[in-house]
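Each remark here refers to the structure printed beneath this line.
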Amino acid sequence: MPGAEQFLKEFREQSQQRLDTLDVSPLNGFPEEREPLFSFVNVDDGVRVTLKRPGADVPGISMTFTEPLLQNLATAGFEAWTLDVLALSVAAGEVTLPAPPPAAPTPPTPPTTRSFGNGVPDLAEWLRAPVANIVELTRQAQIKTRLLTDHKSVTITGPTGSGKSTQVRYWAKQCLSRPDRSGLVTLNLIDPHDGPASVVEALLLQPYNTWYLLVIEDIHLNQGNALAIFKLVDRLRKEAGLRISVLATGRVDRMDHMLKPFDVLAAAAKPQTVFDQRLQEYPALTEDQRQQIEALCGNGKDLMLLGYVCGYMDEHELVMPGDAELVQYIGSRLRLDDLTEQSHRDALFHFACMGMFEIDVPSVFAHTVFRDAIEPLRLRNLIEPADTSFRVQSRSIGAHLARYAMLYWGTGQQPVRHPAQVAWDYLVGSGDEAVKAVLDRVWDIVDLGGAAGMVSRRITKSWDRRRELVLSLGKYVDRDPEWGQNAASAAFAAIAMAHLDMAEKWALCGEWVRDKWESGADGELPHYTGGEPTREYEDFVKMRDSMRRAKFPDDFDLDRTHQIWMAAVLLWMESTAPEADRSEARINRLAEAVVAAQDALGFYYPSRVPWMTARVLTSLCEAGEAGGAAARAAANWLVERSQLGWTSGTGKWNTDAMTTAMCLIALRKHAAGANRAKIRAGYVNLDALIQQTSGTLPEIDKALCAEAYLLSSEKHQQEKGYELLETLQDWLHDENVWNDQSQNALINTPQTFEPETESTKLAFVVCQVAACIWQMVKKDLPLMFEDIAQQFRIPKPTAGNTQNGTGTSANPVQPPVPVPDPAAGTVTAQTVDAELLSQARSSIPRVEREITRNIDSREEALRNRSGRTKRIEDQYQEWTARSLRLEQIKIRLAAEPVPRSVIADLDQLAVEAFGDRWRRLL
């Protein structure tokens with residue numbers, strides 16, 4: 001085939017040219033004498049390329065390129081020089097060979113799967129950065145340049161808004177201006193598809209260059225991919241002879257120790273230093289003014305906002321802007337008053353809301369939903385491409401764009417939607433993976449050192465502990481996937497790994513459990529294989545002994561109880577299995593067995609142990625069988641049993657608190673709405689049972705009580721769940737819990753068991769905590785968004801701005817009147833004089849403090865459920881609405897001339913806040 005032959009001919013020619021330009025110094029892993037790096041051998045179906053490892057006593061890497069494959073590579077646009085890079089990467093298992101692109105372009109469609117990220121940027125777009133925000137050269141910067149030239153790896157670190165991305169683009173410009181041929185590959189690990197394959201693909205699509213700059217942003221967000229990329233770079237340097245420098249951004253405090261051996265050097269970006277140096281240009285500023293500017297710029301961390309603040313002072317004779325003036329100034333600089341088409345406003349508002357929470361909008365979604373608005377917004381630099389997505393310039397700019405829209409593009413009857421609601425609705429429509437992508441960046445979007453609220457701090461800690469849980473559980477499973485021959489523990493671990501997105505390790509536990517327990521056919525309960533029961537059986541022996549000590553009738557069928565319980569656990573495990581491991585046949589067989597094992601009265605044997613019925617009902621709900629007859633009968637039986645109290649029925653082996661919690665979980669998951677009164681009574685009883693323990697609940701009991709409380713619809717009950725969940729997270733944070741081998745020692749020597757100790761404790765608690773964290777963060781993430789919005793001075797949403805739609809009002813008001821030219825003439829009699837205007841502006845902080853105090857007090861009352869809740873909720877909505885009105889008044893006071901109607905509105909608002917204590921301005 002001519003295409004394949006030409007491709008191979010070019011590869012042979014370019015290989016020699018490349019060899020002549022290679023840096024063969026020992027630093028790059030090559031001996032001083034030159035030798036061919038690869039050889040060719042004709043074979044029946046094509047040509048075999050063998051990569052040698054210079055100076056190494058190991059075999060080379062070989063790969064056969066058939067004629068059809070060579071044709072595909074040529075069609076795909078891959079450059080001939082990169083055959084060895086491709087062979088190296090394929091042999092290392094980092095990439096698979098991509099199919100050629102279609103002959104003609106087709107409209108973009110959402111991909112079902114993606115093996116590659118996007119490593120080839122639009123160079124002109126990517127290198128475009130605001131000149132005002134480029135950090136000047138310093139001694140540290142010169143060191144970075146030297147390191148890049150010497151083919152090392154450098155990381156620029158710093159908090160969000162500190163200018164990391166801007167510095168990266170600056171250095172990229174400097175490095176790509178080198179006299180030799182330079183290439184650029186960019187990745188952003190916010191995209192889970194960006195990894196080693198993206199690097200290889202980007203290299204394959206570029207002409208041969210003598211030096212490459214690989215830019216990796218946000219390496220702390222996907223440390224597994226970052227590690228794999230650095231390993232690939234190391235091989236490409238040493239084995240393929242490529243000269244590659246790495247320039248990365250990320251938060252070193254969030255990086256795992258595994259990245260350190262790969263020469264990731266921390267060169268911290270210090271925004272506070274840049275902030276202080278910039279303000280030295282304004283020596284007349286007082287200390288109070290400096291502090292106000294620092295507050296406007298996110299406690300001095302946001303250099304982009306600093307540029308706008310300085311621009312305002314330069315244009316207004318060094319007058320410092322207030323918060324309202326800054327919003328208006330940014331709007332004028334971005335010419336938002338020229339944005340008159342409603343579709344363009346809706347699109348920009350959506351991007352602004354997403355940008356506040358570090359959510360990039362996929363280009364497919366953007367082009368599908370906003371169509372003709374994308375290009376005009378991009379040409380005006382209001383949005384910019386980022387990998388395969390679009391975004392605004394920064395979080396702070398997104399917040400100010402959103403505030404501008406809320407103030408000027410809505411009306412009292414049809415206000416703009418709250419940004420938190422817009423962002424949450426988008427994530428809900430995008431699925432759980434999009435939610436988790438945001439949570440993975442929670443340390444970037446929550447200012448823990450500033451005004452972060454309780455919800456934000458709780459989610460941040462819990463998601464960080466989830467990451468630790470992934471690492472700890474992974475290490476434990478690698479060490480002992482069978483959990484000491486305990487099938488129940490292995491099943492709970494498999495369920496936990498499904499909750500923790502550890503699909504690659506699920507089979508280590510899940511398949512072992514499947515091998516040990518066969519799901520029965522024709523309604524038979526599952527049974528263990530190999531003659532001997534798995535080790536959790538010992539727990540049921542201890543439970544029987546506990547019943548005997550409690551003087552229960554000695555009619556307990558130990559084997560039947562064990563089988564029913566394991567059937568429920570196996571059904572739970574199979575129902576939560578990752579897609580690749582899911583078996584509908586197993587789920588159906590287990591569900592049939594569970595249904596067949598039910599007593600005609602609705603309970604599961606033994607009837608004196610209500611938590612057995614609760615366990616089975618919970619598993620049926622997990623399997624999607626909540627609407628079935630068996631689940632309804634079990635729920636009805638539990639409700640009727642509640643009249644006698646949900647006691648353990650096992651003596652001291654289980655507590656009544658644990659039993660009550662399990663029954664509440666089952667009923668809440670079954671959504672037994674007709675029994676709300678009895679469920680409420682169950683929670684009251686649970687409170688009393690926990691109080692009787694004086695805080696000495698075992699970890700398993702805490703895990704069940706935490707989930708029961710989190711499933712409650714009452715806020716004060718949910719708070720109890722949060723407290724218990726945090727206690728369990730701290731317990732699992734202790735390395736001794738994972739390193740202590742007494743778990744298996746106890747199992748292997750049954751006589752050492754204490755009556756209250758269950759062999760499945762660690763695995764079950766991990767399973768519960770993993771599920772509770774996900775349940776908690778999904779429920780509270782909208783509140784965290786509202787909390788973050790408040791940090792940008794956007795009040796919490798009110799009842800008036802919750803209407804449906806993607807963006808702004810269909811009836812926008814006019815943008816603010818620009819500051820007039822003094823030469824234009826005098827103001828009319830309807831405007832206020834300078835003295836009255838000064839009084840109005842100086843009174844704003846007092847009104848703001850009073851409104852904030854009332855909002856905070858009612859928020860606290862709602863949290864504690866004190867007083868008449870409905871009345872407090874109404875008052876809370878009224879005060880948040882007043883806060884939004886005050887924001888509008890502040891903006892109107894900033895634009896001169898100010899009409900008297902603005903002062904009248906301020907008077908009216910202040911009278912509502914202070915009553916007779918307010919002295920009217922008019």
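Naming works like this for the structure tokens: A, B, ... for the chains as they're shown, residue 1 at the start of each chain, ligands 1 onward in shown order.
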
### Task
Write out as number ranges by chain each polymer residue whose atoms come within 9 Å of region 777-790 of chain A, counting only C-alpha atoms; drop sequence neighbours fewer than 5 positions from it.
A: 356-357, 399, 418-421, 423-424, 432, 435, 439, 445-447, 451-459, 462-463, 772, 795-797

Preceding selection exported with N, CA, C and O atoms as a compact mmCIF listing (two decimals), in the first residue's frame:
```txt
# COMPACT_ATOMS: atom_id res chain seq x y z
N MET A 356 -17.50 29.87 39.20
CA MET A 356 -17.40 30.12 40.64
C MET A 356 -17.01 28.87 41.40
O MET A 356 -16.37 28.94 42.45
N PHE A 357 -17.39 27.71 40.88
CA PHE A 357 -17.17 26.46 41.59
C PHE A 357 -16.18 25.56 40.84
O PHE A 357 -16.16 24.34 41.06
N ALA A 399 -17.51 34.94 39.68
CA ALA A 399 -18.39 35.45 40.74
C ALA A 399 -18.84 36.87 40.45
O ALA A 399 -20.01 37.23 40.65
N HIS A 418 -30.14 31.94 41.40
CA HIS A 418 -28.95 31.94 42.25
C HIS A 418 -27.88 31.05 41.64
O HIS A 418 -28.17 29.94 41.17
N PRO A 419 -26.61 31.48 41.63
CA PRO A 419 -25.54 30.67 41.02
C PRO A 419 -25.43 29.26 41.61
O PRO A 419 -25.13 28.31 40.89
N ALA A 420 -25.65 29.12 42.91
CA ALA A 420 -25.56 27.80 43.52
C ALA A 420 -26.60 26.85 42.93
O ALA A 420 -26.33 25.66 42.72
N GLN A 421 -27.80 27.38 42.66
CA GLN A 421 -28.84 26.53 42.08
C GLN A 421 -28.52 26.16 40.64
O GLN A 421 -28.74 25.03 40.21
N ALA A 423 -25.51 25.87 39.30
CA ALA A 423 -24.42 24.89 39.31
C ALA A 423 -24.91 23.52 39.75
O ALA A 423 -24.54 22.49 39.15
N TRP A 424 -25.74 23.48 40.78
CA TRP A 424 -26.21 22.19 41.28
C TRP A 424 -27.11 21.50 40.25
O TRP A 424 -27.00 20.29 40.03
N ASP A 432 -23.25 11.47 38.63
CA ASP A 432 -22.40 11.37 39.83
C ASP A 432 -20.94 11.67 39.54
O ASP A 432 -20.22 12.22 40.39
N VAL A 435 -20.28 15.28 39.81
CA VAL A 435 -20.30 15.69 41.22
C VAL A 435 -18.98 15.34 41.88
O VAL A 435 -18.38 16.16 42.59
N LEU A 439 -16.00 17.56 43.82
CA LEU A 439 -15.56 17.24 45.17
C LEU A 439 -14.05 16.98 45.21
O LEU A 439 -13.40 17.27 46.22
N ILE A 445 -11.70 25.08 45.99
CA ILE A 445 -12.83 26.00 45.90
C ILE A 445 -13.34 26.47 47.25
O ILE A 445 -14.15 27.38 47.33
N VAL A 446 -12.86 25.85 48.34
CA VAL A 446 -13.29 26.26 49.68
C VAL A 446 -12.13 26.95 50.37
O VAL A 446 -11.03 26.39 50.45
N ASP A 447 -12.36 28.15 50.85
CA ASP A 447 -11.33 28.92 51.54
C ASP A 447 -11.37 28.55 53.01
O ASP A 447 -12.02 29.21 53.82
N ALA A 451 -13.56 32.53 55.30
CA ALA A 451 -14.92 32.56 55.83
C ALA A 451 -15.71 31.31 55.50
O ALA A 451 -16.93 31.35 55.38
N ALA A 452 -15.05 30.17 55.32
CA ALA A 452 -15.76 28.95 54.99
C ALA A 452 -16.72 28.58 56.12
O ALA A 452 -16.37 28.64 57.30
N GLY A 453 -17.93 28.20 55.75
CA GLY A 453 -18.93 27.84 56.75
C GLY A 453 -18.79 26.40 57.22
O GLY A 453 -17.95 25.64 56.75
N MET A 454 -19.68 26.04 58.13
CA MET A 454 -19.61 24.72 58.74
C MET A 454 -19.80 23.62 57.70
O MET A 454 -19.10 22.60 57.72
N VAL A 455 -20.76 23.81 56.78
CA VAL A 455 -21.04 22.77 55.79
C VAL A 455 -19.82 22.56 54.89
O VAL A 455 -19.43 21.43 54.59
N SER A 456 -19.19 23.65 54.44
CA SER A 456 -18.02 23.53 53.58
C SER A 456 -16.87 22.82 54.27
O SER A 456 -16.19 21.97 53.69
N ARG A 457 -16.65 23.17 55.53
CA ARG A 457 -15.56 22.52 56.27
C ARG A 457 -15.85 21.03 56.46
O ARG A 457 -14.95 20.19 56.39
N ARG A 458 -17.10 20.71 56.72
CA ARG A 458 -17.47 19.31 56.94
C ARG A 458 -17.27 18.49 55.67
O ARG A 458 -16.71 17.39 55.69
N ILE A 459 -17.73 19.03 54.53
CA ILE A 459 -17.57 18.30 53.27
C ILE A 459 -16.10 18.17 52.91
O ILE A 459 -15.65 17.11 52.45
N SER A 462 -14.55 15.49 55.08
CA SER A 462 -15.07 14.16 54.78
C SER A 462 -14.53 13.65 53.45
O SER A 462 -14.17 12.46 53.33
N TRP A 463 -14.45 14.53 52.44
CA TRP A 463 -13.96 14.07 51.15
C TRP A 463 -12.45 13.78 51.22
O TRP A 463 -11.96 12.88 50.54
N CYS A 772 -21.99 6.60 53.82
CA CYS A 772 -22.49 7.80 54.51
C CYS A 772 -21.83 9.07 53.98
O CYS A 772 -22.49 10.11 53.88
N PRO A 795 -25.70 36.69 48.55
CA PRO A 795 -26.50 36.16 49.66
C PRO A 795 -27.15 34.83 49.30
O PRO A 795 -27.23 34.45 48.13
N LYS A 796 -27.58 34.12 50.32
CA LYS A 796 -28.24 32.84 50.10
C LYS A 796 -29.52 33.05 49.29
O LYS A 796 -30.13 34.11 49.34
N PRO A 797 -29.94 32.02 48.52
CA PRO A 797 -31.11 32.19 47.65
C PRO A 797 -32.38 32.41 48.45
O PRO A 797 -32.54 31.90 49.57
```

### Query
What are the DSSP strand (DSSP E or B) residues of region 374-467 of chain A, as a ChimeraX atom specification?
/A:384-386,389-391

### Query
as a ChimeraX atom specification, which residues of region 606-768 of chain A does DSSP assign to alpha helix (DSSP H)?
/A:610-622,629-641,656-670,676-692,699-710,715-733,735-739,742-748,761-768

### Message
Taking 6 positions as the minimum chain separation for residues in the same chain, which residues sit within 10 Å of Ile229 (chain A) when counting only C-alpha atoms? Answer as a ChimeraX atom specification.
### Response
/A:94,194-200,216,223,235

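Atom pair CA of Phe349 (chain A) / CA of Ile383 (chain A): separated by 10.9 Å.
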
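Distances here use only C-alpha atoms; by that measure, the residue among A:Val477, A:Leu590, A:Ala597, A:Met502 closest to Glu625 (chain A) is A:Leu590.
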
#### Entry: Residue neighbourhood Tyr709 (chain A), 9 Å, only C-alpha atoms, exclusion window fewer than 2 positions, as a PyMOL selection string
chain A and resi 661+664-665+683+704-707+711-714+716-722
